[in-house]
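Asks: File name work30.txt; file contents compact mmCIF, C-alpha atoms (C1' of nucleotides) and all ligand atoms; full text below.
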```txt
# COMPACT_ATOMS: atom_id res chain seq x y z
CA MET A 756 12.40 -75.72 -37.95
CA LYS A 757 12.68 -72.58 -35.88
CA GLN A 758 10.69 -70.99 -38.66
CA ASP A 759 8.20 -73.70 -38.04
CA PHE A 760 7.72 -72.73 -34.42
CA GLN A 761 7.32 -69.10 -35.27
CA GLN A 762 4.54 -70.09 -37.62
CA ILE A 763 2.88 -72.07 -34.91
CA LEU A 764 3.02 -69.18 -32.47
CA ARG A 765 1.62 -66.75 -34.99
CA GLY A 766 -1.16 -69.15 -35.67
CA LEU A 767 -2.15 -68.91 -32.03
CA ASN A 768 -1.84 -65.13 -31.94
CA LEU A 769 1.09 -65.41 -29.62
CA LYS A 770 4.14 -63.25 -30.10
CA SER A 771 7.15 -65.14 -31.29
CA THR A 772 9.46 -64.53 -28.37
CA PRO A 773 12.84 -66.24 -27.98
CA LYS A 774 11.64 -68.00 -24.87
CA ARG A 775 8.61 -69.45 -26.53
CA VAL A 776 10.66 -70.70 -29.42
CA VAL A 777 13.22 -72.28 -27.13
CA LEU A 778 10.49 -73.85 -25.07
CA LEU A 779 9.21 -75.55 -28.18
CA GLU A 780 12.71 -76.57 -29.17
CA VAL A 781 13.28 -78.13 -25.78
CA LEU A 782 10.08 -80.13 -26.05
CA ASP A 783 10.83 -81.07 -29.63
CA ASP A 784 14.21 -82.48 -28.63
CA GLU A 785 12.70 -84.95 -26.22
CA SER A 786 10.90 -88.20 -26.76
CA VAL A 787 9.77 -88.21 -23.17
CA TYR A 788 7.29 -86.09 -21.29
CA LEU A 789 8.66 -83.31 -19.13
CA SER A 790 7.52 -81.40 -16.08
CA PRO A 791 7.46 -77.60 -16.12
CA GLU A 792 10.52 -77.65 -13.92
CA ASP A 793 12.36 -80.05 -16.23
CA ILE A 794 11.65 -77.67 -19.06
CA TRP A 795 12.73 -74.68 -17.01
CA ASN A 796 16.05 -76.33 -16.22
CA ARG A 797 16.75 -77.10 -19.86
CA MET A 798 15.74 -73.61 -20.94
CA LYS A 799 17.84 -71.90 -18.29
CA LYS A 800 20.97 -73.11 -20.05
CA ARG A 801 20.11 -70.71 -22.82
CA PHE A 802 18.91 -67.65 -20.92
CA ARG A 803 20.54 -65.68 -18.19
CA ARG A 804 17.21 -64.83 -16.63
CA LEU A 805 14.12 -66.96 -16.90
CA GLY A 806 11.24 -67.21 -14.51
CA LEU A 807 9.43 -70.43 -13.79
CA PRO A 808 6.04 -68.69 -14.10
CA THR A 809 6.91 -67.86 -17.68
CA VAL A 810 7.32 -71.55 -18.36
CA TYR A 811 4.01 -72.37 -16.74
CA ARG A 812 2.20 -69.62 -18.63
CA ASN A 813 3.57 -70.60 -21.97
CA LEU A 814 2.96 -74.28 -21.49
CA GLU A 815 -0.63 -73.57 -20.66
CA GLU A 816 -1.07 -71.33 -23.68
CA LEU A 817 0.43 -73.90 -25.99
CA TYR A 818 -1.68 -76.61 -24.48
CA ALA A 819 -4.81 -74.50 -24.82
CA GLY A 820 -3.86 -73.92 -28.43
CA GLY A 821 -3.54 -77.64 -29.04
CA VAL A 822 0.15 -77.49 -29.88
CA ILE A 823 1.32 -79.64 -27.00
CA SER A 824 -0.38 -82.34 -25.01
CA ARG A 825 -0.57 -83.10 -21.36
CA VAL A 826 0.25 -86.40 -19.79
CA ILE A 827 -1.93 -87.66 -17.00
CA HIS A 828 0.28 -89.02 -14.27
CA PRO A 829 -0.63 -90.95 -11.13
CA ASN A 830 1.38 -88.48 -9.08
CA ARG A 831 -0.89 -85.77 -10.42
CA GLN A 832 1.91 -83.48 -11.46
CA LEU A 833 1.79 -81.68 -14.77
CA TYR A 834 3.74 -83.13 -17.67
CA TYR A 835 3.80 -81.96 -21.25
CA TYR A 836 4.76 -83.50 -24.51
CA LEU A 837 5.15 -82.14 -28.02
CA CYS A 838 3.77 -84.42 -30.66
CA ARG A 839 3.86 -83.64 -34.37
CA ASN A 840 1.11 -86.06 -35.16
CA GLU A 841 -1.78 -84.03 -36.49
CA GLU A 842 -4.28 -86.86 -36.57
CA HIS A 843 -6.53 -87.55 -33.64
CA HIS A 844 -4.71 -90.09 -31.51
CA HIS A 845 -3.69 -91.04 -28.01
CA HIS A 846 -0.58 -92.02 -26.14
CA PHE A 847 1.14 -94.95 -24.57
CA ILE A 848 3.40 -93.67 -21.83
CA CYS A 849 6.15 -95.61 -20.17
CA VAL A 850 5.85 -95.00 -16.46
CA SER A 851 9.48 -95.97 -16.01
CA CYS A 852 11.43 -93.93 -18.58
CA ARG A 853 8.66 -91.51 -19.56
CA ARG A 854 8.82 -92.38 -23.22
CA VAL A 855 5.70 -91.53 -25.21
CA VAL A 856 4.44 -93.52 -28.18
CA ASP A 857 1.54 -92.58 -30.41
CA VAL A 858 -1.41 -94.90 -30.48
CA SER A 859 -3.68 -94.22 -33.38
CA PHE A 860 -6.43 -96.48 -32.11
CA CYS A 861 -9.38 -94.62 -30.68
CA ALA A 862 -12.88 -95.75 -29.97
CA GLU A 863 -14.24 -92.28 -30.46
CA LYS A 864 -17.19 -93.35 -32.52
CA GLU A 865 -18.27 -96.03 -30.09
CA LEU A 866 -18.03 -93.60 -27.21
CA GLN A 867 -20.11 -91.05 -29.05
CA ASP A 868 -22.73 -93.72 -29.68
CA VAL A 869 -22.84 -94.82 -26.07
CA VAL A 870 -23.26 -91.29 -24.84
CA ARG A 871 -25.82 -90.28 -27.42
CA GLU A 872 -27.94 -93.35 -27.03
CA GLY A 873 -27.45 -94.50 -23.48
CA ILE A 874 -26.80 -91.25 -21.69
CA GLN A 875 -28.42 -88.84 -24.09
CA GLY A 876 -25.69 -86.39 -23.26
CA LYS A 877 -23.01 -84.65 -25.21
CA VAL A 878 -19.34 -85.56 -25.40
CA LEU A 879 -17.02 -82.60 -24.89
CA SER A 880 -13.76 -84.50 -24.71
CA HIS A 881 -12.38 -87.89 -23.95
CA ILE A 882 -9.25 -89.08 -22.25
CA LEU A 883 -7.54 -92.24 -23.32
CA GLN A 884 -4.07 -93.07 -22.15
CA ILE A 885 -2.23 -96.32 -21.81
CA ASN A 886 0.24 -96.54 -18.97
CA GLY A 887 2.82 -99.24 -19.12
CA LEU A 888 6.38 -100.24 -19.70
CA CYS A 889 8.09 -99.81 -23.02
CA ARG A 890 10.23 -102.41 -24.71
CA HIS A 891 13.46 -100.95 -23.38
CA CYS A 892 12.27 -100.84 -19.82
CA LEU A 893 10.90 -104.36 -20.02
CA GLN A 894 14.31 -105.61 -21.00
CA LYS A 895 16.18 -103.93 -18.18
CA ASP A 896 14.68 -106.76 -16.15
CA GLY A 897 11.81 -105.90 -13.86
CA ALA A 898 13.63 -102.88 -12.50
CA VAL A 899 10.58 -100.69 -12.40
CA HIS A 900 10.82 -97.67 -10.19
CA ALA A 901 7.85 -96.49 -8.28
CA TYR A 902 4.28 -97.04 -9.45
CA MET B 627 -25.69 -101.86 3.93
CA LYS B 628 -23.55 -100.69 6.78
CA GLN B 629 -22.72 -104.34 7.22
CA ASP B 630 -21.68 -104.26 3.65
CA PHE B 631 -19.12 -101.53 4.22
CA GLN B 632 -17.67 -103.31 7.20
CA GLN B 633 -17.15 -106.32 4.98
CA ILE B 634 -15.40 -104.20 2.41
CA LEU B 635 -13.07 -102.70 4.99
CA ARG B 636 -12.22 -106.09 6.42
CA GLY B 637 -11.46 -107.29 2.98
CA LEU B 638 -8.82 -104.61 2.66
CA ASN B 639 -7.39 -105.30 6.10
CA LEU B 640 -8.60 -101.95 7.32
CA LYS B 641 -10.21 -101.55 10.68
CA SER B 642 -13.90 -100.87 10.53
CA THR B 643 -13.96 -97.47 12.16
CA PRO B 644 -17.05 -95.27 12.34
CA LYS B 645 -15.36 -92.66 10.20
CA ARG B 646 -14.53 -95.06 7.43
CA VAL B 647 -18.04 -96.41 7.41
CA VAL B 648 -19.53 -92.93 7.28
CA LEU B 649 -17.12 -91.93 4.55
CA LEU B 650 -18.40 -94.79 2.46
CA GLU B 651 -21.99 -93.90 3.32
CA VAL B 652 -21.41 -90.34 2.19
CA LEU B 653 -19.98 -91.48 -1.09
CA ASP B 654 -22.71 -94.06 -1.52
CA ASP B 655 -25.38 -91.41 -1.10
CA GLU B 656 -24.13 -89.36 -4.00
CA SER B 657 -24.42 -89.87 -7.71
CA VAL B 658 -21.80 -87.21 -8.30
CA TYR B 659 -18.11 -87.15 -7.70
CA LEU B 660 -16.89 -85.32 -4.62
CA SER B 661 -13.71 -83.59 -3.55
CA PRO B 662 -12.04 -84.55 -0.28
CA GLU B 663 -13.30 -81.30 1.19
CA ASP B 664 -16.86 -81.96 0.01
CA ILE B 665 -16.70 -85.30 1.75
CA TRP B 666 -15.21 -83.74 4.86
CA ASN B 667 -18.06 -81.23 5.05
CA ARG B 668 -20.69 -83.92 4.76
CA MET B 669 -18.95 -86.13 7.30
CA LYS B 670 -18.52 -83.33 9.81
CA LYS B 671 -22.27 -83.23 10.31
CA ARG B 672 -21.94 -86.59 11.99
CA PHE B 673 -18.77 -86.18 14.07
CA ARG B 674 -17.81 -83.54 16.54
CA ARG B 675 -14.15 -83.83 15.62
CA LEU B 676 -12.87 -84.91 12.27
CA GLY B 677 -9.62 -84.00 10.63
CA LEU B 678 -9.29 -83.38 6.93
CA PRO B 679 -6.15 -85.54 6.77
CA THR B 680 -8.20 -88.47 7.95
CA VAL B 681 -10.43 -88.01 4.95
CA TYR B 682 -7.48 -87.81 2.59
CA ARG B 683 -5.84 -90.86 4.12
CA ASN B 684 -8.96 -92.97 3.95
CA LEU B 685 -9.85 -91.94 0.45
CA GLU B 686 -6.41 -92.93 -0.71
CA GLU B 687 -6.58 -96.28 1.04
CA LEU B 688 -9.96 -97.05 -0.43
CA TYR B 689 -8.79 -95.98 -3.85
CA ALA B 690 -5.68 -98.13 -3.56
CA GLY B 691 -7.93 -101.01 -2.56
CA GLY B 692 -10.06 -100.53 -5.64
CA VAL B 693 -13.20 -99.70 -3.69
CA ILE B 694 -13.59 -96.18 -5.00
CA SER B 695 -12.49 -94.55 -8.19
CA ARG B 696 -10.87 -91.27 -8.96
CA VAL B 697 -12.17 -88.79 -11.45
CA ILE B 698 -9.70 -87.00 -13.67
CA HIS B 699 -10.64 -83.37 -13.77
CA PRO B 700 -9.33 -80.54 -15.94
CA ASN B 701 -8.75 -78.47 -12.82
CA ARG B 702 -6.50 -81.23 -11.56
CA GLN B 703 -8.13 -81.49 -8.16
CA LEU B 704 -8.85 -84.83 -6.61
CA TYR B 705 -12.35 -86.20 -6.89
CA TYR B 706 -13.66 -89.56 -5.84
CA TYR B 707 -16.65 -91.63 -6.66
CA LEU B 708 -18.07 -94.84 -5.26
CA CYS B 709 -19.31 -97.21 -7.88
CA ARG B 710 -20.90 -100.56 -7.13
CA ASN B 711 -20.25 -101.89 -10.59
CA GLU B 712 -17.85 -104.78 -10.25
CA GLU B 713 -17.23 -105.26 -13.94
CA HIS B 714 -14.38 -103.55 -15.69
CA HIS B 715 -15.80 -100.30 -17.00
CA HIS B 716 -15.26 -96.58 -17.37
CA HIS B 717 -17.11 -93.38 -16.68
CA PHE B 718 -18.88 -90.58 -18.38
CA ILE B 719 -18.70 -87.51 -16.18
CA CYS B 720 -20.80 -84.41 -16.53
CA VAL B 721 -18.47 -81.46 -16.17
CA SER B 722 -21.39 -79.26 -15.24
CA CYS B 723 -23.28 -81.13 -12.51
CA ARG B 724 -20.62 -83.77 -11.74
CA ARG B 725 -22.92 -86.68 -12.40
CA VAL B 726 -21.17 -89.95 -13.17
CA VAL B 727 -22.54 -92.61 -15.50
CA ASP B 728 -21.07 -96.02 -16.09
CA VAL B 729 -19.87 -96.83 -19.56
CA SER B 730 -19.33 -100.50 -20.06
CA PHE B 731 -17.60 -100.06 -23.38
CA CYS B 732 -13.86 -100.54 -23.25
CA ALA B 733 -11.36 -101.17 -25.97
CA GLU B 734 -9.08 -103.02 -23.63
CA LYS B 735 -8.35 -105.83 -26.01
CA GLU B 736 -7.50 -103.55 -28.90
CA LEU B 737 -5.20 -101.52 -26.69
CA GLN B 738 -3.43 -104.63 -25.52
CA ASP B 739 -2.93 -105.68 -29.12
CA VAL B 740 -1.55 -102.31 -30.16
CA VAL B 741 0.92 -102.28 -27.33
CA ARG B 742 2.03 -105.86 -27.68
CA GLU B 743 2.48 -105.71 -31.43
CA GLY B 744 3.39 -102.14 -32.21
CA ILE B 745 5.18 -101.08 -29.07
CA GLN B 746 6.26 -104.43 -27.74
CA GLY B 747 5.69 -103.13 -24.28
CA LYS B 748 3.45 -104.06 -21.42
CA VAL B 749 0.20 -102.43 -20.38
CA LEU B 750 -0.02 -101.70 -16.67
CA SER B 751 -3.21 -99.67 -16.70
CA HIS B 752 -5.33 -97.61 -18.96
CA ILE B 753 -7.36 -94.48 -18.46
CA LEU B 754 -10.56 -93.90 -20.34
CA GLN B 755 -12.94 -91.17 -19.34
CA ILE B 756 -15.57 -89.30 -21.26
CA ASN B 757 -16.13 -85.71 -20.26
CA GLY B 758 -19.32 -84.08 -21.34
CA LEU B 759 -22.72 -82.81 -20.45
CA CYS B 760 -25.46 -85.07 -19.21
CA ARG B 761 -29.04 -84.99 -20.42
CA HIS B 762 -30.19 -82.78 -17.58
CA CYS B 763 -27.48 -80.21 -18.11
CA LEU B 764 -28.06 -80.14 -21.84
CA GLN B 765 -31.68 -79.24 -21.24
CA LYS B 766 -30.97 -76.36 -18.90
CA ASP B 767 -30.06 -74.60 -22.13
CA GLY B 768 -26.41 -74.03 -22.80
CA ALA B 769 -25.80 -72.78 -19.30
CA VAL B 770 -22.48 -74.51 -18.92
CA HIS B 771 -20.26 -73.22 -16.21
CA ALA B 772 -16.53 -73.14 -16.65
CA TYR B 773 -14.66 -75.57 -18.86
C1' DT C 876 11.69 -45.12 -35.23
C1' DG C 877 7.97 -44.68 -31.92
C1' DA C 878 3.66 -46.28 -29.88
C1' DT C 879 1.24 -49.94 -27.79
C1' DA C 880 -0.14 -54.10 -26.19
C1' DA C 881 1.85 -58.33 -24.90
C1' DA C 882 5.33 -60.85 -22.39
C1' DT C 883 8.46 -61.41 -18.64
C1' DA C 884 11.08 -61.54 -13.91
C1' DG C 885 10.93 -61.72 -9.35
C1' DA C 886 8.69 -61.97 -5.28
C1' DA C 887 4.94 -63.20 -2.86
C1' DA C 888 0.79 -65.61 -2.25
C1' DC C 889 -1.92 -69.60 -2.67
C1' DA C 890 -4.36 -73.97 -2.01
C1' DG C 891 -4.63 -78.46 -1.99
C1' DT C 892 -2.28 -82.10 0.06
C1' DT C 893 0.95 -84.50 3.13
C1' DT C 894 3.78 -85.14 7.23
C1' DT C 895 4.58 -85.37 12.12
C1' DC C 896 3.61 -86.83 16.54
C1' DA C 897 0.91 -87.26 20.63
C1' DT C 898 -3.50 -89.37 21.75
C1' DT C 899 -7.33 -92.44 21.01
C1' DT C 900 -9.54 -96.56 19.43
C1' DA C 901 -10.60 -101.21 17.25
C1' DA C 902 -9.54 -106.00 17.34
C1' DG C 903 -8.21 -110.22 19.24
C1' DG C 904 -6.76 -113.03 22.99
C1' DA C 905 -6.40 -113.98 28.05
C1' DT D 727 -14.96 -108.58 30.15
C1' DC D 728 -10.51 -106.68 30.44
C1' DC D 729 -5.78 -106.08 28.36
C1' DT D 730 -2.55 -105.51 24.96
C1' DT D 731 -1.03 -103.83 20.75
C1' DA D 732 -1.06 -102.15 16.34
C1' DA D 733 -3.77 -99.17 13.71
C1' DA D 734 -6.30 -94.89 13.24
C1' DT D 735 -7.01 -90.16 14.27
C1' DG D 736 -6.67 -84.85 15.30
C1' DA D 737 -4.27 -80.78 15.23
C1' DA D 738 -0.76 -78.15 13.76
C1' DA D 739 2.73 -77.47 10.80
C1' DA D 740 5.14 -78.24 6.66
C1' DC D 741 5.27 -78.84 1.89
C1' DT D 742 5.30 -78.06 -2.94
C1' DG D 743 3.69 -77.42 -7.23
C1' DT D 744 1.30 -73.66 -9.23
C1' DT D 745 -0.62 -68.97 -9.72
C1' DT D 746 -0.99 -64.04 -9.00
C1' DC D 747 0.78 -59.37 -8.79
C1' DT D 748 3.24 -55.50 -10.50
C1' DA D 749 6.94 -53.04 -12.40
C1' DT D 750 9.86 -53.55 -16.36
C1' DT D 751 11.09 -55.17 -20.88
C1' DT D 752 10.16 -56.53 -25.56
C1' DA D 753 7.87 -57.82 -30.09
C1' DT D 754 5.05 -55.98 -33.48
C1' DC D 755 3.43 -52.84 -36.66
C1' DA D 756 2.39 -48.28 -38.35
ZN ZN E 1001 10.34 -97.10 -20.86
ZN ZN E 1002 1.20 -88.23 -30.15
ZN ZN E 1003 -18.76 -96.99 -12.49
ZN ZN E 1004 -25.01 -82.98 -15.81
```
In structure tokens, write the structure found in this file.
Ligand SMILES: [Zn+2]
Ligand SMILES: [Zn+2]
Ligand SMILES: [Zn+2]
Ligand SMILES: [Zn+2]

Replies:
Amino acid sequence: MKQDFQQILRGLNLKSTPKRVVLLEVLDDESVYLSPEDIWNRMKKRFRRLGLPTVYRNLEELYAGGVISRVIHPNRQLYYYLCRNEEHHHHFICVSCRRVVDVSFCAEKELQDVVREGIQGKVLSHILQINGLCRHCLQKDGAVHAY
Amino acid sequence: MKQDFQQILRGLNLKSTPKRVVLLEVLDDESVYLSPEDIWNRMKKRFRRLGLPTVYRNLEELYAGGVISRVIHPNRQLYYYLCRNEEHHHHFICVSCRRVVDVSFCAEKELQDVVREGIQGKVLSHILQINGLCRHCLQKDGAVHAY
DNA sequence: TGATAAATAGAAACAGTTTTCATTTAAGGA
DNA sequence: TCCTTAAATGAAAACTGTTTCTATTTATCA
């Protein structure tokens, strides 16, 4: 497990530091997306000294390396999520409890076609995210917080 | 045209002020997405005094009213775009020249199915955006700026 | 074990965005 | 047309999430 993370870091040419490994452990322990500050707070329980910029830097490196994914939130803050699913896929996010669920459906091919034929451009990336309420939050009656 | 914008503002229960009308004119004149500051700069040519917060406030109101759309950008800044297309649709954005092109394709139904059956949750909204390079930018050889 | 580049802490800076509040203006009715 | 009133605005200040800077520490590898 920890071994696992060290492998991942090596693969990205990043040194396997204790903080990076714990960052990944923190993300791996959660089934919800977290803000950099959330992650910092969890990590601080395990380090006497830990700077918030370190968290930001490492999150960005891991995101750039494709190890973690970002969540797009209406409040425009950054949120990250670690997903072990190696296949191309997207996410359903619960705007109430922040749970993330994989959605394997993707219209990638159709989008490529539209762009190639209609727009005659080139697709660099695509964003697909479903925002909603998960089963659990639906049951807790309509008690939806903001949004 | 201007009449048109006044109608739109009335429809949202917003007073038809000169600044709101000009804001819409500015957006309507562009086929690219603009930042609040871009819009402010264009609007300032037509008003002696104009505060940036006014631009932010109005953009947000118009976005909330569904009159303009936001662009999701890797740099996480706000960008807005006025689109006359009333049908449900999404956008291809050129990350180089900021051009926006409507994409009518949407897998809404499939997404609904996935969420209802697999997740047993409820879809509140979905984000679909294609980031790429438009025809014009592809031709100007591979001179892609950042991103 | 020592050399070296990479990673980190802490503090400060930053930039885009939002709030506050006094003043102005649009809208609707007398 | 003139008033009244709620809504909109400008200017300045505050905010806050994020990034930069630099001296110090640490992982890696010979
Ligand atoms: Zn939920
Ligand atoms: Zn996933
Ligand atoms: Zn459109
Ligand atoms: Zn282009």

Asks: Which of these, A:Gln875, A:Thr809, A:Asn886, A:Ser786, has the shortest distance to A:Val850 once you count only C-alpha atoms?

Replies: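 Of A:Gln875, A:Thr809, A:Asn886, A:Ser786, the one nearest A:Val850 is A:Asn886, counting only C-alpha atoms.
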
Asks: A:Val855, A:Ile882, A:Gly876, A:Lys800: which is nearest ligand ZN 1004 (chain E), counting all atoms listed in the file?

Replies: A:Gly876

Asks: Using all atoms listed in the file, which residue out of B:Glu734, B:Glu686, B:Glu743, B:Glu713 lies closest to chain C?

Replies: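 Using all atoms listed in the file, the shortest distance to chain C belongs to B:Glu686.
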
Asks: Could you fit chain B onto chain A with a least-squares superposition over all C-alpha atoms, matched one to one in order, and give me the transformed chain as a CSV table (one decimal) with C-alpha atoms, in the frame of the given file?

Replies:
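New file result_13.csv:
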```
chain,number,residue,atom,x,y,z
B,627,MET,CA,12.4,-75.8,-37.9
B,628,LYS,CA,12.7,-72.6,-35.9
B,629,GLN,CA,10.7,-71.0,-38.7
B,630,ASP,CA,8.2,-73.7,-38.0
B,631,PHE,CA,7.7,-72.7,-34.4
B,632,GLN,CA,7.3,-69.1,-35.3
B,633,GLN,CA,4.5,-70.1,-37.6
B,634,ILE,CA,2.8,-72.1,-34.9
B,635,LEU,CA,3.0,-69.2,-32.4
B,636,ARG,CA,1.6,-66.8,-35.0
B,637,GLY,CA,-1.2,-69.1,-35.6
B,638,LEU,CA,-2.2,-68.9,-32.0
B,639,ASN,CA,-1.9,-65.1,-31.9
B,640,LEU,CA,1.1,-65.4,-29.6
B,641,LYS,CA,4.1,-63.3,-30.1
B,642,SER,CA,7.2,-65.1,-31.3
B,643,THR,CA,9.5,-64.6,-28.4
B,644,PRO,CA,12.8,-66.3,-28.0
B,645,LYS,CA,11.6,-68.0,-24.9
B,646,ARG,CA,8.6,-69.5,-26.5
B,647,VAL,CA,10.7,-70.7,-29.5
B,648,VAL,CA,13.2,-72.3,-27.2
B,649,LEU,CA,10.5,-73.9,-25.1
B,650,LEU,CA,9.2,-75.6,-28.2
B,651,GLU,CA,12.7,-76.6,-29.2
B,652,VAL,CA,13.3,-78.1,-25.8
B,653,LEU,CA,10.1,-80.1,-26.0
B,654,ASP,CA,10.8,-81.1,-29.6
B,655,ASP,CA,14.2,-82.5,-28.6
B,656,GLU,CA,12.7,-84.9,-26.2
B,657,SER,CA,10.9,-88.2,-26.8
B,658,VAL,CA,9.8,-88.2,-23.2
B,659,TYR,CA,7.3,-86.1,-21.3
B,660,LEU,CA,8.7,-83.3,-19.1
B,661,SER,CA,7.6,-81.4,-16.1
B,662,PRO,CA,7.5,-77.6,-16.1
B,663,GLU,CA,10.6,-77.6,-13.9
B,664,ASP,CA,12.4,-80.1,-16.2
B,665,ILE,CA,11.7,-77.7,-19.1
B,666,TRP,CA,12.8,-74.7,-17.0
B,667,ASN,CA,16.1,-76.4,-16.2
B,668,ARG,CA,16.8,-77.1,-19.9
B,669,MET,CA,15.8,-73.6,-21.0
B,670,LYS,CA,17.9,-71.9,-18.3
B,671,LYS,CA,21.0,-73.1,-20.1
B,672,ARG,CA,20.1,-70.7,-22.9
B,673,PHE,CA,18.9,-67.6,-21.0
B,674,ARG,CA,20.6,-65.7,-18.2
B,675,ARG,CA,17.2,-64.9,-16.7
B,676,LEU,CA,14.1,-67.0,-16.9
B,677,GLY,CA,11.3,-67.2,-14.5
B,678,LEU,CA,9.5,-70.4,-13.8
B,679,PRO,CA,6.1,-68.7,-14.1
B,680,THR,CA,7.0,-67.9,-17.7
B,681,VAL,CA,7.4,-71.5,-18.4
B,682,TYR,CA,4.1,-72.4,-16.7
B,683,ARG,CA,2.2,-69.6,-18.6
B,684,ASN,CA,3.6,-70.6,-21.9
B,685,LEU,CA,3.0,-74.3,-21.5
B,686,GLU,CA,-0.6,-73.6,-20.6
B,687,GLU,CA,-1.1,-71.3,-23.6
B,688,LEU,CA,0.4,-73.9,-26.0
B,689,TYR,CA,-1.7,-76.6,-24.4
B,690,ALA,CA,-4.8,-74.5,-24.8
B,691,GLY,CA,-3.9,-73.9,-28.4
B,692,GLY,CA,-3.6,-77.6,-29.0
B,693,VAL,CA,0.1,-77.5,-29.8
B,694,ILE,CA,1.3,-79.6,-26.9
B,695,SER,CA,-0.4,-82.3,-25.0
B,696,ARG,CA,-0.6,-83.1,-21.3
B,697,VAL,CA,0.3,-86.4,-19.8
B,698,ILE,CA,-1.9,-87.7,-17.0
B,699,HIS,CA,0.3,-89.0,-14.3
B,700,PRO,CA,-0.5,-91.0,-11.1
B,701,ASN,CA,1.5,-88.5,-9.1
B,702,ARG,CA,-0.8,-85.8,-10.4
B,703,GLN,CA,2.0,-83.5,-11.4
B,704,LEU,CA,1.8,-81.7,-14.7
B,705,TYR,CA,3.8,-83.1,-17.6
B,706,TYR,CA,3.8,-82.0,-21.2
B,707,TYR,CA,4.8,-83.5,-24.5
B,708,LEU,CA,5.1,-82.1,-28.0
B,709,CYS,CA,3.8,-84.4,-30.6
B,710,ARG,CA,3.9,-83.6,-34.3
B,711,ASN,CA,1.1,-86.0,-35.1
B,712,GLU,CA,-1.8,-84.0,-36.5
B,713,GLU,CA,-4.3,-86.8,-36.6
B,714,HIS,CA,-6.6,-87.5,-33.7
B,715,HIS,CA,-4.7,-90.1,-31.5
B,716,HIS,CA,-3.7,-91.0,-28.0
B,717,HIS,CA,-0.6,-92.0,-26.1
B,718,PHE,CA,1.1,-94.9,-24.6
B,719,ILE,CA,3.4,-93.6,-21.8
B,720,CYS,CA,6.2,-95.6,-20.2
B,721,VAL,CA,5.9,-94.9,-16.5
B,722,SER,CA,9.5,-95.9,-16.0
B,723,CYS,CA,11.4,-93.9,-18.6
B,724,ARG,CA,8.7,-91.5,-19.6
B,725,ARG,CA,8.8,-92.4,-23.2
B,726,VAL,CA,5.7,-91.5,-25.2
B,727,VAL,CA,4.4,-93.5,-28.2
B,728,ASP,CA,1.6,-92.6,-30.4
B,729,VAL,CA,-1.4,-94.9,-30.5
B,730,SER,CA,-3.7,-94.2,-33.4
B,731,PHE,CA,-6.4,-96.4,-32.1
B,732,CYS,CA,-9.4,-94.6,-30.7
B,733,ALA,CA,-12.9,-95.7,-30.0
B,734,GLU,CA,-14.2,-92.3,-30.5
B,735,LYS,CA,-17.2,-93.4,-32.6
B,736,GLU,CA,-18.3,-96.1,-30.1
B,737,LEU,CA,-18.0,-93.6,-27.3
B,738,GLN,CA,-20.1,-91.1,-29.1
B,739,ASP,CA,-22.7,-93.8,-29.7
B,740,VAL,CA,-22.8,-94.9,-26.1
B,741,VAL,CA,-23.3,-91.4,-24.9
B,742,ARG,CA,-25.9,-90.3,-27.5
B,743,GLU,CA,-28.0,-93.4,-27.1
B,744,GLY,CA,-27.5,-94.6,-23.5
B,745,ILE,CA,-26.8,-91.3,-21.7
B,746,GLN,CA,-28.5,-88.9,-24.1
B,747,GLY,CA,-25.8,-86.4,-23.3
B,748,LYS,CA,-23.1,-84.7,-25.2
B,749,VAL,CA,-19.4,-85.6,-25.4
B,750,LEU,CA,-17.1,-82.6,-24.9
B,751,SER,CA,-13.8,-84.5,-24.8
B,752,HIS,CA,-12.4,-87.9,-24.0
B,753,ILE,CA,-9.3,-89.1,-22.3
B,754,LEU,CA,-7.6,-92.2,-23.3
B,755,GLN,CA,-4.1,-93.0,-22.1
B,756,ILE,CA,-2.2,-96.3,-21.8
B,757,ASN,CA,0.2,-96.5,-19.0
B,758,GLY,CA,2.8,-99.2,-19.1
B,759,LEU,CA,6.4,-100.2,-19.7
B,760,CYS,CA,8.1,-99.8,-23.0
B,761,ARG,CA,10.2,-102.4,-24.7
B,762,HIS,CA,13.4,-100.9,-23.4
B,763,CYS,CA,12.2,-100.8,-19.8
B,764,LEU,CA,10.9,-104.3,-20.0
B,765,GLN,CA,14.3,-105.6,-21.0
B,766,LYS,CA,16.2,-103.9,-18.2
B,767,ASP,CA,14.6,-106.8,-16.2
B,768,GLY,CA,11.8,-105.9,-13.8
B,769,ALA,CA,13.6,-102.9,-12.5
B,770,VAL,CA,10.5,-100.7,-12.4
B,771,HIS,CA,10.8,-97.7,-10.2
B,772,ALA,CA,7.8,-96.5,-8.3
B,773,TYR,CA,4.2,-97.0,-9.4
```

Asks: Tell me which protein, DNA and RNA residues are within 10 Å of B:Leu640, counting only C-alpha atoms (C1' of nucleotides), leaving out same-chain ones fewer than 2 positions away, and put them as a list of chain:residue names.

Replies: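 The filter keeps B:Gln632, B:Gln633, B:Ile634, B:Leu635, B:Arg636, B:Gly637, B:Leu638, B:Ser642, B:Thr643, B:Arg646, B:Asn684, B:Glu687, B:Leu688, B:Gly691, D:DA733, D:DA734.
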
Asks: Rank nothing, just name the residue among B:Ile698, B:Leu708, B:Leu685, B:Leu650 nearest to chain A, using all atoms listed in the file.

Replies: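 The closest residue to chain A is B:Ile698.
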
Asks: State, in Å with one decimal place, the distance from atom C1' of C:DA882 to atom CA of A:Arg803.

Replies: 16.5 Å

Asks: For chain B against chain C, which residues fall within 10 Å using all atoms listed in the file, given as a list in words?

Replies: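 Selected residues: Lys641, Ser642, Thr643, Pro662, Glu663, Leu678, Pro679, Tyr682, Arg683, Gln703 and Leu704 of chain B.
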